[in-house]
Amino acid sequence: MSDRNSPVQSVSAATARVESPRTGMIAVVAGSSVGRKMIVAVTGIVLMAFVVGHLIGNLQIFLGPDWINGYSQHLRDLGPLLWVIRGFLLLTVILHIYFTVLLAIENRRARPTGYVKKEHVKATFASRHMVASGLVVLAFIVFHLLHFTARQFNPQFPLLKNDPLNHYDVFSMMVYGFQNVYVSAFYIVGLFLLTLHLTHGASSFLQSLGLNNKKLTPTLASAARVFAWLLFIGYAAIPVAVLLGFIQPAQHP
Ligand code: HEM
């Protein structure tokens, strides 16, 4: 006879779930809904800071090859520290995604079915939108890393020689990369979804951090939306400028 539904077993399973071995500060924070929201907010802020820094670095393409190639070389010169930063960023992305998805699942489970239908639809749409746009942004980042960090998908990349200062020619790599209209289109779609994600995320993280001021919150939320769209304009300007022929490669291998 099967004892699958034995009360003893289900009680011990439930206890195991409740008393899972969570220790330390992080576990305490991660164990509460408020704490999980704070983790999403704080990791979101770290990622936003990265996106701003990365844009400032990338915009140097408009200043010429020496600038962007030199900047990229400086990053590589960080050596082991660069790997620490990469590891930290990866951990931040993983935590951000894990807790966002967890909160979305919990929200959906906690919502009573067949009750105040309008609110139900509104809330699920918001959370579904964040998870979906976040996952597409993730796919974009994976493609982007293969494209520009692993230097894949373009026959010109392996042929590029170092620039006169003996730095890798990131400038020409980016130009050749974006001269492919499909690649540029994919970047622009990815950046657009990142912007949508940021406009939602940036306007809700203040609440997650408990900063709920009737006057200040809407102002900061609008500022966050402007910020997200400025990021979009800044990033999208690069593939658009290449496609329009404003930036030409520094070498023709
Ligand atoms: C037009 C838009 C973008 C351009 C032109 C661009 C350009 C680049 C380039 C050239 C690299 C390689 C740097 C090197 O090897 O020296 C790189 C790396 C990277 N990019 Fe972007 N990027 C763009 C958008 C983004 C966005 C929106 C994100 C994140 C949401 C992002 C995240 C990263 C990451 C995580 C790396 C790896 C950094 C590392 O090597 O440690 N990029 N990007």
# chains A, B, ... in the order shown; residues from 1 in each chain; ligands from 1
>>> closest_atom_pairs(of="chain A", to="ligand 1", cutoff="7 Å", atoms="only C-alpha atoms and all ligand atoms", output="tab-separated table")
residue	atom	partner	partner_atom_place_in_ligand_line	distance
A:Val51	CA	ligand 1	29 (C)	5.7
A:His54	CA	ligand 1	21 (Fe)	6.6
A:Asn58	CA	ligand 1	5 (C)	5.8
A:Ser72	CA	ligand 1	16 (O)	4.3
A:Gln73	CA	ligand 1	16 (O)	6.8
A:Leu75	CA	ligand 1	16 (O)	7.0
A:Leu82	CA	ligand 1	41 (O)	6.7
A:Arg86	CA	ligand 1	41 (O)	5.1
A:Val137	CA	ligand 1	30 (C)	6.9
A:Ile141	CA	ligand 1	29 (C)	5.9
A:His144	CA	ligand 1	21 (Fe)	6.5
A:Leu145	CA	ligand 1	36 (C)	5.8
A:Phe148	CA	ligand 1	12 (C)	4.8
A:Thr149	CA	ligand 1	15 (O)	4.6
A:Val170	CA	ligand 1	10 (C)	5.9
A:Met174	CA	ligand 1	10 (C)	6.0
A:Tyr187	CA	ligand 1	1 (C)	6.5
A:Leu191	CA	ligand 1	27 (C)	5.8
A:Leu194	CA	ligand 1	30 (C)	7.0
A:Tyr235	CA	ligand 1	1 (C)	4.4
A:Ala236	CA	ligand 1	1 (C)	5.5
A:Ile238	CA	ligand 1	1 (C)	5.5
A:Pro239	CA	ligand 1	1 (C)	6.0
>>> residues_around(residues="A:Ser33", least_positions_apart="2", cutoff="12 Å", atoms="only C-alpha atoms", output="ChimeraX atom specification")
/A:27-31,35-40,99-100,102-107,110,208
>>> write_last_selection(atoms="C-alpha atoms", output="PDB file, in the first residue's frame")
ATOM      1  CA  ALA A  27      19.311  34.341   4.761  1.00  0.00           C
ATOM      2  CA  VAL A  28      17.226  36.426   7.180  1.00  0.00           C
ATOM      3  CA  VAL A  29      16.767  39.161   4.557  1.00  0.00           C
ATOM      4  CA  ALA A  30      16.092  36.654   1.763  1.00  0.00           C
ATOM      5  CA  GLY A  31      13.572  34.845   3.997  1.00  0.00           C
ATOM      6  CA  GLY A  35      13.864  41.503   2.282  1.00  0.00           C
ATOM      7  CA  ARG A  36      13.492  39.852  -1.126  1.00  0.00           C
ATOM      8  CA  LYS A  37      12.140  43.097  -2.569  1.00  0.00           C
ATOM      9  CA  MET A  38      15.122  44.916  -1.103  1.00  0.00           C
ATOM     10  CA  ILE A  39      17.525  42.449  -2.719  1.00  0.00           C
ATOM     11  CA  VAL A  40      15.825  43.030  -6.104  1.00  0.00           C
ATOM     12  CA  PHE A  99      14.444  37.006  -6.543  1.00  0.00           C
ATOM     13  CA  THR A 100      12.409  38.807  -9.243  1.00  0.00           C
ATOM     14  CA  LEU A 102      10.471  34.243  -6.977  1.00  0.00           C
ATOM     15  CA  LEU A 103       8.507  37.383  -6.058  1.00  0.00           C
ATOM     16  CA  ALA A 104       6.456  37.180  -9.263  1.00  0.00           C
ATOM     17  CA  ILE A 105       5.547  33.543  -8.506  1.00  0.00           C
ATOM     18  CA  GLU A 106       4.683  34.385  -4.889  1.00  0.00           C
ATOM     19  CA  ASN A 107       2.540  37.349  -5.954  1.00  0.00           C
ATOM     20  CA  ALA A 110      -0.992  34.860  -3.078  1.00  0.00           C
ATOM     21  CA  SER A 208      10.686  48.465  -2.369  1.00  0.00           C
TER      22      SER A 208
END
>>> residues_around(residues="stretch 69-71 of chain A", least_positions_apart="6", cutoff="9 Å", atoms="only C-alpha atoms", output="PyMOL selection string")
chain A and resi 57+60-61+163+165+167-171
>>> atom_distance(atom1="atom CA of A:Thr43", atom2="atom CA of A:Phe140")
18.7 Å
>>> closest_residue(among="A:Lys215, A:His197, A:Lys161, A:His147", to="A:Phe178", atoms="only C-alpha atoms")
A:His147
>>> atom_distance(atom1="atom CA of A:Ile247", atom2="atom CA of A:Phe62")
7.8 Å
>>> closest_residue(among="A:Leu95, A:Leu89, A:Ala150, A:Val175", to="A:Ala250", atoms="only C-alpha atoms")
A:Val175
>>> decode(residues="stretch 47-68 of chain A", atoms="N, CA and C atoms", output="mmCIF file, in the first residue's frame")
data_model
loop_
_atom_site.group_PDB
_atom_site.id
_atom_site.type_symbol
_atom_site.label_atom_id
_atom_site.label_comp_id
_atom_site.auth_asym_id
_atom_site.auth_seq_id
_atom_site.Cartn_x
_atom_site.Cartn_y
_atom_site.Cartn_z
ATOM 1 N N LEU A 47 23.081 47.152 -11.039
ATOM 2 C CA LEU A 47 23.067 46.909 -12.488
ATOM 3 C C LEU A 47 22.849 48.208 -13.263
ATOM 4 N N MET A 48 22.022 49.098 -12.703
ATOM 5 C CA MET A 48 21.805 50.396 -13.361
ATOM 6 C C MET A 48 23.113 51.192 -13.389
ATOM 7 N N ALA A 49 23.856 51.132 -12.279
ATOM 8 C CA ALA A 49 25.143 51.842 -12.224
ATOM 9 C C ALA A 49 26.078 51.288 -13.294
ATOM 10 N N PHE A 50 26.070 49.949 -13.452
ATOM 11 C CA PHE A 50 26.915 49.355 -14.491
ATOM 12 C C PHE A 50 26.505 49.860 -15.871
ATOM 13 N N VAL A 51 25.180 49.885 -16.131
ATOM 14 C CA VAL A 51 24.685 50.281 -17.450
ATOM 15 C C VAL A 51 25.080 51.733 -17.762
ATOM 16 N N VAL A 52 25.072 52.593 -16.736
ATOM 17 C CA VAL A 52 25.484 53.997 -16.934
ATOM 18 C C VAL A 52 26.986 54.040 -17.256
ATOM 19 N N GLY A 53 27.782 53.345 -16.444
ATOM 20 C CA GLY A 53 29.240 53.333 -16.646
ATOM 21 C C GLY A 53 29.605 52.780 -18.019
ATOM 22 N N HIS A 54 28.917 51.692 -18.400
ATOM 23 C CA HIS A 54 29.198 51.046 -19.686
ATOM 24 C C HIS A 54 28.858 51.990 -20.844
ATOM 25 N N LEU A 55 27.765 52.742 -20.684
ATOM 26 C CA LEU A 55 27.381 53.695 -21.736
ATOM 27 C C LEU A 55 28.449 54.781 -21.884
ATOM 28 N N ILE A 56 28.913 55.308 -20.744
ATOM 29 C CA ILE A 56 29.940 56.358 -20.797
ATOM 30 C C ILE A 56 31.186 55.831 -21.525
ATOM 31 N N GLY A 57 31.548 54.581 -21.207
ATOM 32 C CA GLY A 57 32.690 53.966 -21.898
ATOM 33 C C GLY A 57 32.429 53.836 -23.398
ATOM 34 N N ASN A 58 31.239 53.338 -23.753
ATOM 35 C CA ASN A 58 30.934 53.083 -25.168
ATOM 36 C C ASN A 58 30.811 54.356 -25.992
ATOM 37 N N LEU A 59 30.323 55.423 -25.361
ATOM 38 C CA LEU A 59 30.125 56.673 -26.124
ATOM 39 C C LEU A 59 31.457 57.247 -26.616
ATOM 40 N N GLN A 60 32.558 56.743 -26.057
ATOM 41 C CA GLN A 60 33.871 57.210 -26.514
ATOM 42 C C GLN A 60 34.133 56.825 -27.966
ATOM 43 N N ILE A 61 33.281 55.968 -28.522
ATOM 44 C CA ILE A 61 33.420 55.632 -29.946
ATOM 45 C C ILE A 61 33.283 56.912 -30.786
ATOM 46 N N PHE A 62 32.501 57.877 -30.273
ATOM 47 C CA PHE A 62 32.301 59.125 -31.028
ATOM 48 C C PHE A 62 33.536 60.031 -30.959
ATOM 49 N N LEU A 63 34.463 59.714 -30.023
ATOM 50 C CA LEU A 63 35.682 60.527 -29.888
ATOM 51 C C LEU A 63 36.842 59.953 -30.716
ATOM 52 N N GLY A 64 36.638 58.754 -31.246
ATOM 53 C CA GLY A 64 37.672 58.171 -32.113
ATOM 54 C C GLY A 64 38.283 56.914 -31.533
ATOM 55 N N PRO A 65 39.045 56.160 -32.378
ATOM 56 C CA PRO A 65 39.594 54.866 -31.976
ATOM 57 C C PRO A 65 40.514 54.939 -30.761
ATOM 58 N N ASP A 66 41.363 55.997 -30.681
ATOM 59 C CA ASP A 66 42.326 56.053 -29.567
ATOM 60 C C ASP A 66 41.613 56.026 -28.216
ATOM 61 N N TRP A 67 40.495 56.754 -28.142
ATOM 62 C CA TRP A 67 39.768 56.838 -26.875
ATOM 63 C C TRP A 67 39.215 55.491 -26.455
ATOM 64 N N ILE A 68 38.392 54.910 -27.344
ATOM 65 C CA ILE A 68 37.687 53.675 -26.937
ATOM 66 C C ILE A 68 38.642 52.484 -26.850
#
